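Pasted below: work-v6.csv, CSV, C-alpha atoms.
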```
chain,number,residue,atom,x,y,z
Z,1,MET,CA,134.9,185.5,110.3
Z,2,VAL,CA,132.8,186.7,113.2
Z,3,ASN,CA,129.9,184.4,114.1
Z,4,LYS,CA,126.5,185.9,113.8
Z,5,GLN,CA,124.3,186.0,116.8
Z,6,LYS,CA,121.3,183.8,116.6
Z,7,ILE,CA,117.7,184.6,117.4
Z,8,LEU,CA,115.0,182.0,117.8
Z,9,ILE,CA,111.6,183.5,116.9
Z,10,VAL,CA,108.6,181.7,118.4
Z,11,ASP,CA,105.3,182.9,116.9
Z,12,ASP,CA,102.3,181.1,115.4
Z,13,ASP,CA,101.6,184.0,113.1
Z,14,ASN,CA,104.1,183.2,110.3
Z,15,THR,CA,103.6,186.7,108.7
Z,16,ILE,CA,104.7,188.4,111.9
Z,17,ALA,CA,107.5,185.9,112.4
Z,18,GLU,CA,108.8,186.4,108.9
Z,19,LEU,CA,108.7,190.2,109.4
Z,20,ILE,CA,110.6,190.0,112.6
Z,21,SER,CA,113.1,187.7,110.9
Z,22,LEU,CA,113.6,190.3,108.2
Z,23,TYR,CA,114.3,193.0,110.8
Z,24,PHE,CA,117.1,191.0,112.4
Z,25,THR,CA,118.5,189.6,109.2
Z,26,LYS,CA,119.1,193.2,108.1
Z,27,GLU,CA,121.0,193.7,111.3
Z,28,CYS,CA,123.2,190.7,110.5
Z,29,PHE,CA,121.6,188.2,112.9
Z,30,GLU,CA,120.9,184.6,112.0
Z,31,THR,CA,117.3,183.7,112.6
Z,32,MET,CA,115.1,180.6,113.0
Z,33,ILE,CA,111.3,180.5,113.2
Z,34,VAL,CA,109.1,178.0,115.0
Z,35,ASN,CA,105.4,178.3,115.2
Z,36,ASP,CA,104.6,176.3,118.3
Z,37,GLY,CA,105.9,175.9,121.8
Z,38,GLU,CA,106.6,172.2,121.6
Z,39,SER,CA,109.4,172.7,119.1
Z,40,VAL,CA,111.4,175.2,121.2
Z,41,MET,CA,113.3,172.8,123.5
Z,42,SER,CA,114.7,170.8,120.6
Z,43,CYS,CA,115.7,174.0,118.8
Z,44,LEU,CA,117.7,175.1,121.7
Z,45,GLN,CA,120.1,172.2,121.2
Z,46,THR,CA,120.2,172.2,117.4
Z,47,PHE,CA,120.2,175.9,116.7
Z,48,ALA,CA,121.7,177.2,120.0
Z,49,PRO,CA,120.2,180.7,119.9
Z,50,ASN,CA,121.7,183.6,121.8
Z,51,ILE,CA,118.2,185.0,122.5
Z,52,ILE,CA,114.6,184.0,122.2
Z,53,LEU,CA,111.7,186.2,121.0
Z,54,LEU,CA,108.7,184.4,122.5
Z,55,ASP,CA,105.0,185.0,121.7
Z,56,ILE,CA,102.6,184.3,124.5
Z,57,MET,CA,99.6,183.1,122.6
Z,58,LEU,CA,100.8,179.9,121.0
Z,59,PRO,CA,98.8,176.8,120.2
Z,60,GLY,CA,99.1,174.0,122.7
Z,61,MET,CA,101.9,175.0,125.0
Z,62,ASP,CA,101.7,178.7,125.5
Z,63,GLY,CA,104.5,181.2,125.9
Z,64,TYR,CA,104.3,181.2,129.7
Z,65,GLN,CA,104.8,177.4,129.9
Z,66,VAL,CA,107.6,177.6,127.3
Z,67,CYS,CA,109.4,180.3,129.3
Z,68,ARG,CA,109.1,178.1,132.5
Z,69,GLU,CA,110.5,175.1,130.8
Z,70,VAL,CA,113.4,177.0,129.2
Z,71,ARG,CA,114.3,178.6,132.5
Z,72,ALA,CA,114.4,175.3,134.2
Z,73,LYS,CA,117.4,174.3,132.1
Z,74,TYR,CA,118.9,177.4,130.4
Z,75,SER,CA,119.7,181.0,131.1
Z,76,ILE,CA,119.3,182.1,127.5
Z,77,PRO,CA,117.7,185.7,127.4
Z,78,ILE,CA,114.0,185.7,126.6
Z,79,ILE,CA,111.9,188.6,125.4
Z,80,MET,CA,108.2,188.0,125.5
Z,81,LEU,CA,106.0,189.4,122.7
Z,82,SER,CA,102.3,189.8,123.3
Z,83,ALA,CA,99.2,191.8,122.5
Z,84,LYS,CA,98.3,191.5,126.2
Z,85,GLY,CA,99.3,194.8,127.8
Z,86,GLU,CA,97.9,194.4,131.3
Z,87,VAL,CA,100.3,194.8,134.2
Z,88,PHE,CA,99.4,191.2,135.4
Z,89,ASP,CA,100.5,189.7,132.1
Z,90,LYS,CA,103.8,191.6,132.2
Z,91,VAL,CA,104.5,190.7,135.8
Z,92,LEU,CA,103.7,187.1,135.2
Z,93,GLY,CA,106.1,186.9,132.3
Z,94,LEU,CA,108.9,188.5,134.3
Z,95,GLU,CA,108.2,186.3,137.3
Z,96,LEU,CA,108.6,183.2,135.0
Z,97,GLY,CA,112.0,184.4,133.9
Z,98,ALA,CA,111.6,186.7,130.9
Z,99,ASP,CA,114.2,189.4,130.6
Z,100,ASP,CA,111.9,191.9,128.8
Z,101,TYR,CA,108.3,192.2,127.6
Z,102,ILE,CA,107.2,194.0,124.5
Z,103,GLU,CA,103.6,194.7,123.5
Z,104,LYS,CA,102.2,194.1,120.0
Z,105,PRO,CA,102.1,196.0,117.8
Z,106,PHE,CA,105.7,197.1,118.2
Z,107,ASP,CA,108.1,199.3,116.4
Z,108,SER,CA,110.8,197.3,114.5
Z,109,LYS,CA,113.6,199.6,115.6
Z,110,GLU,CA,112.6,199.4,119.2
Z,111,LEU,CA,112.4,195.6,119.0
Z,112,VAL,CA,115.9,195.4,117.6
Z,113,ALA,CA,117.2,197.9,120.1
Z,114,ARG,CA,115.7,196.1,123.1
Z,115,ALA,CA,117.1,192.7,121.9
Z,116,LYS,CA,120.6,194.2,121.4
Z,117,ALA,CA,120.4,195.8,124.9
Z,118,VAL,CA,119.6,192.4,126.5
Z,119,LEU,CA,122.4,190.7,124.5
Z,120,ARG,CA,124.9,193.3,125.5
Z,121,ARG,CA,124.3,192.5,129.2
Z,122,TYR,CA,124.5,188.8,128.8
Z,123,LYS,CA,127.8,187.0,128.6
Z,124,PRO,CA,127.6,183.2,128.8
Z,125,ALA,CA,130.1,181.6,131.0
Z,126,ALA,CA,131.4,179.3,128.2
Z,127,GLN,CA,132.3,182.4,126.1
Z,128,THR,CA,133.9,184.4,128.9
Z,129,SER,CA,137.6,184.0,129.6
Z,130,GLN,CA,138.9,184.2,133.2
Z,131,LYS,CA,141.0,187.2,133.9
Z,132,SER,CA,142.8,188.5,137.0
Z,133,ASP,CA,140.3,191.3,137.3
Z,134,ASP,CA,137.3,189.1,137.5
Z,135,LYS,CA,134.2,191.0,138.6
Z,136,CYS,CA,133.3,189.0,141.7
Z,137,VAL,CA,131.9,189.7,145.1
Z,138,VAL,CA,132.2,187.2,147.9
Z,139,TYR,CA,130.3,187.0,151.3
Z,140,PRO,CA,129.9,184.1,153.7
Z,141,ASP,CA,128.1,181.4,151.8
Z,142,LEU,CA,127.6,183.6,148.7
Z,143,SER,CA,129.7,184.3,145.6
Z,144,VAL,CA,128.5,186.3,142.7
Z,145,ASN,CA,130.7,186.4,139.6
Z,146,LEU,CA,129.8,188.8,136.8
Z,147,THR,CA,132.7,187.6,134.6
Z,148,ASN,CA,131.4,184.1,134.1
Z,149,TYR,CA,127.8,184.8,135.2
Z,150,SER,CA,127.7,182.4,138.1
Z,151,VAL,CA,126.3,182.4,141.6
Z,152,ILE,CA,127.3,180.0,144.3
Z,153,TYR,CA,125.1,180.0,147.4
Z,154,MET,CA,125.6,177.6,150.3
Z,155,GLY,CA,128.2,175.7,148.2
Z,156,LYS,CA,125.8,175.1,145.3
Z,157,ASN,CA,125.5,176.7,141.9
Z,158,VAL,CA,122.3,178.7,141.5
Z,159,ASP,CA,121.0,179.2,138.0
Z,160,MET,CA,119.8,182.8,137.3
Z,161,PRO,CA,118.7,184.7,134.3
Z,162,PRO,CA,121.1,187.6,133.4
Z,163,LYS,CA,119.0,190.4,134.8
Z,164,GLU,CA,118.6,188.7,138.2
Z,165,LEU,CA,122.4,188.0,138.5
Z,166,GLU,CA,123.3,191.6,137.4
Z,167,LEU,CA,120.9,193.0,139.9
Z,168,LEU,CA,122.3,190.9,142.7
Z,169,TYR,CA,125.9,191.7,141.7
Z,170,PHE,CA,125.1,195.5,141.6
Z,171,LEU,CA,123.5,195.5,145.0
Z,172,ALA,CA,126.2,193.3,146.6
Z,173,SER,CA,129.0,195.4,145.1
Z,174,SER,CA,127.8,198.3,147.2
Z,175,PRO,CA,127.0,196.9,150.6
Z,176,ASN,CA,124.6,198.9,152.8
Z,177,HIS,CA,124.1,201.5,150.0
Z,178,VAL,CA,120.4,202.3,149.4
Z,179,PHE,CA,119.3,202.4,145.8
Z,180,THR,CA,116.0,203.7,144.6
Z,181,ARG,CA,114.0,201.6,142.1
Z,182,GLU,CA,114.6,204.2,139.5
Z,183,GLN,CA,118.4,203.9,140.0
Z,184,LEU,CA,118.3,200.1,139.8
Z,185,LEU,CA,116.1,200.2,136.7
Z,186,ASP,CA,118.5,202.6,135.0
Z,187,GLN,CA,121.7,200.7,136.0
Z,188,ILE,CA,120.5,197.2,135.2
Z,189,TRP,CA,118.1,197.7,132.3
Z,190,GLY,CA,119.5,200.9,130.9
Z,191,TYR,CA,118.0,203.8,129.1
Z,192,GLU,CA,116.8,201.6,126.2
Z,193,TYR,CA,114.3,199.9,128.6
Z,194,ILE,CA,110.8,201.2,128.5
Z,195,GLY,CA,109.2,199.8,131.6
Z,196,ASP,CA,108.2,200.7,135.2
Z,197,THR,CA,109.7,200.2,138.6
Z,198,ARG,CA,107.5,197.1,139.2
Z,199,THR,CA,110.1,195.3,137.1
Z,200,VAL,CA,112.7,195.8,139.9
Z,201,ASP,CA,110.2,194.5,142.5
Z,202,VAL,CA,109.6,191.3,140.5
Z,203,HIS,CA,113.3,190.6,140.1
Z,204,ILE,CA,114.0,191.2,143.8
Z,205,LYS,CA,111.1,188.7,144.6
Z,206,ARG,CA,112.7,186.1,142.4
Z,207,LEU,CA,116.1,186.6,144.0
Z,208,ARG,CA,114.7,186.1,147.5
Z,209,GLU,CA,113.1,182.9,146.4
Z,210,LYS,CA,116.5,181.5,145.4
Z,211,ILE,CA,118.7,183.2,148.1
Z,212,ASN,CA,117.4,183.3,151.7
Z,213,ASP,CA,118.5,185.9,154.3
Z,214,HIS,CA,121.8,185.1,155.8
Z,215,ALA,CA,123.0,185.7,159.3
Z,216,ASN,CA,125.6,188.1,157.9
Z,217,TRP,CA,123.8,189.7,155.0
Z,218,LYS,CA,120.4,190.0,153.2
Z,219,ILE,CA,118.6,191.9,150.5
Z,220,ALA,CA,116.7,194.5,152.5
Z,221,THR,CA,113.7,196.6,151.5
Z,222,ILE,CA,113.8,200.3,152.4
Z,223,TRP,CA,110.1,201.1,152.4
Z,224,GLY,CA,109.2,204.0,150.2
Z,225,ILE,CA,112.7,204.2,148.7
Z,226,GLY,CA,114.1,201.0,147.3
Z,227,TYR,CA,116.6,198.2,148.2
Z,228,LYS,CA,120.0,197.6,149.6
Z,229,PHE,CA,122.3,194.7,150.2
Z,230,GLU,CA,122.5,194.8,154.0
Z,231,VAL,CA,125.7,193.5,155.6
Z,232,LYS,CA,126.1,193.3,159.3
Z,233,THR,CA,129.1,195.1,160.7
Z,234,GLU,CA,130.9,194.4,164.0
```
What is this structure when it is put down as structure tokens?
Amino acid sequence: MVNKQKILIVDDDNTIAELISLYFTKECFETMIVNDGESVMSCLQTFAPNIILLDIMLPGMDGYQVCREVRAKYSIPIIMLSAKGEVFDKVLGLELGADDYIEKPFDSKELVARAKAVLRRYKPAAQTSQKSDDKCVVYPDLSVNLTNYSVIYMGKNVDMPPKELELLYFLASSPNHVFTREQLLDQIWGYEYIGDTRTVDVHIKRLREKINDHANWKIATIWGIGYKFEVKTE
């Protein structure tokens, strides 16, 4: 029997939460609903969700704080749900580690499609077998492995959400190749993603906070165009 993928729905409006649960139950997902942020961390251990749908406006601990705490310990994909549609709110959610941001009210089919798109791109290390054709790029003091979703920088493991790691791997796989923001958005987020190129800038900023420029390589900004993984050549 194939195990169902699990979705943790965090929303203080139980009517909306039950409706979301219905959408995903029809798509053969297993769901769990919690109505406050304080319950999330314990649910991650007992329920072990594959993805979290996280409302921002929660009583007590809000969605931003929940996202921050989850990201400190886990790389589980997070999609934020909010009636706040301002660019600032979206950028803040992405900077804190969310993989996607969907405004309320949302279309049920779009919500399911976006969740599936995020899940397709996320393969936990514990569920990924090692093969001889591992997708891995290696540079001095940096190793990015897309097979087991791991990054080793300066000899230490660096925890990264799926989208950050995929973006780093994609750039590092084509050293000195310049990619536009639109190309990166299409390659990493795919055609299902309805967003703008600011998303790419936010993820690049987060990568640079975790990985500093190296004497042999760096993530370089090509002003007015996009980004490249710049490698020094002799």
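Each of Z:Leu167, Z:Met160, Z:Leu146, Z:Ile152 was compared to Glu209 (chain Z) using all atoms listed in the file, and Z:Met160 turns out to be the nearest.
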Q: State, in Å with one decimal place, the distance from CA of Tyr101 (chain Z) to CA of Val66 (chain Z).
A: 14.6 Å
Q | Nearest to Leu22 (chain Z) by atom-to-atom distance, counting all atoms listed in the file, from Z:Ile219, Z:Ile9, Z:Leu142, Z:Met57 | A | Z:Ile9
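Minimum atom-to-atom distance to Lys109 (chain Z), evaluated using all atoms listed in the file, belongs to Z:Ile20 out of Z:Ile20, Z:Leu207, Z:Ile7, Z:Leu184.
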Q.
Just checking: using only C-alpha atoms, which residue out of Z:Ile76, Z:Ile33, Z:Ser173, Z:Lys6 ends up closest to Val138 (chain Z)?
A. Z:Ser173
**Q.** Atomic separation - CA of Lys156 (chain Z) relative to CA of Gln45 (chain Z), Å
**A.** 24.9 Å
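Straight-line separation from CA of Glu18 (chain Z) to CA of Pro162 (chain Z): 27.4 Å.
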Contacts of Asn157 (chain Z) at 12 Å or less, counting only C-alpha atoms, minus same-chain residues fewer than 2 places along, as a short mmCIF file (atom, residue, chain, number, x, y, z; two decimals) with C-alpha atoms, keeping the file's coordinate frame?
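Result file is out_28.cif:
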```
data_model
loop_
_atom_site.label_atom_id
_atom_site.label_comp_id
_atom_site.auth_asym_id
_atom_site.auth_seq_id
_atom_site.Cartn_x
_atom_site.Cartn_y
_atom_site.Cartn_z
CA ASP Z 141 128.10 181.40 151.80
CA LEU Z 142 127.60 183.60 148.70
CA SER Z 143 129.70 184.30 145.60
CA VAL Z 144 128.50 186.30 142.70
CA ASN Z 145 130.70 186.40 139.60
CA TYR Z 149 127.80 184.80 135.20
CA SER Z 150 127.70 182.40 138.10
CA VAL Z 151 126.30 182.40 141.60
CA ILE Z 152 127.30 180.00 144.30
CA TYR Z 153 125.10 180.00 147.40
CA MET Z 154 125.60 177.60 150.30
CA GLY Z 155 128.20 175.70 148.20
CA ASP Z 159 121.00 179.20 138.00
CA MET Z 160 119.80 182.80 137.30
CA LYS Z 210 116.50 181.50 145.40
CA ILE Z 211 118.70 183.20 148.10
#
```
Q) Between Z:Pro161, Z:Phe179, Z:Gly190, Z:Tyr139, which is the closest to Asn216 (chain Z) once you count all atoms listed in the file? A) Z:Tyr139
**Q.** 10 Å contact set for region 62-65 of chain Z, all atoms listed in the file, chain neighbours under 3 positions out, as a ChimeraX atom specification
**A.** /Z:10-11,36-38,54-59,68-71,80-82,89,92-98
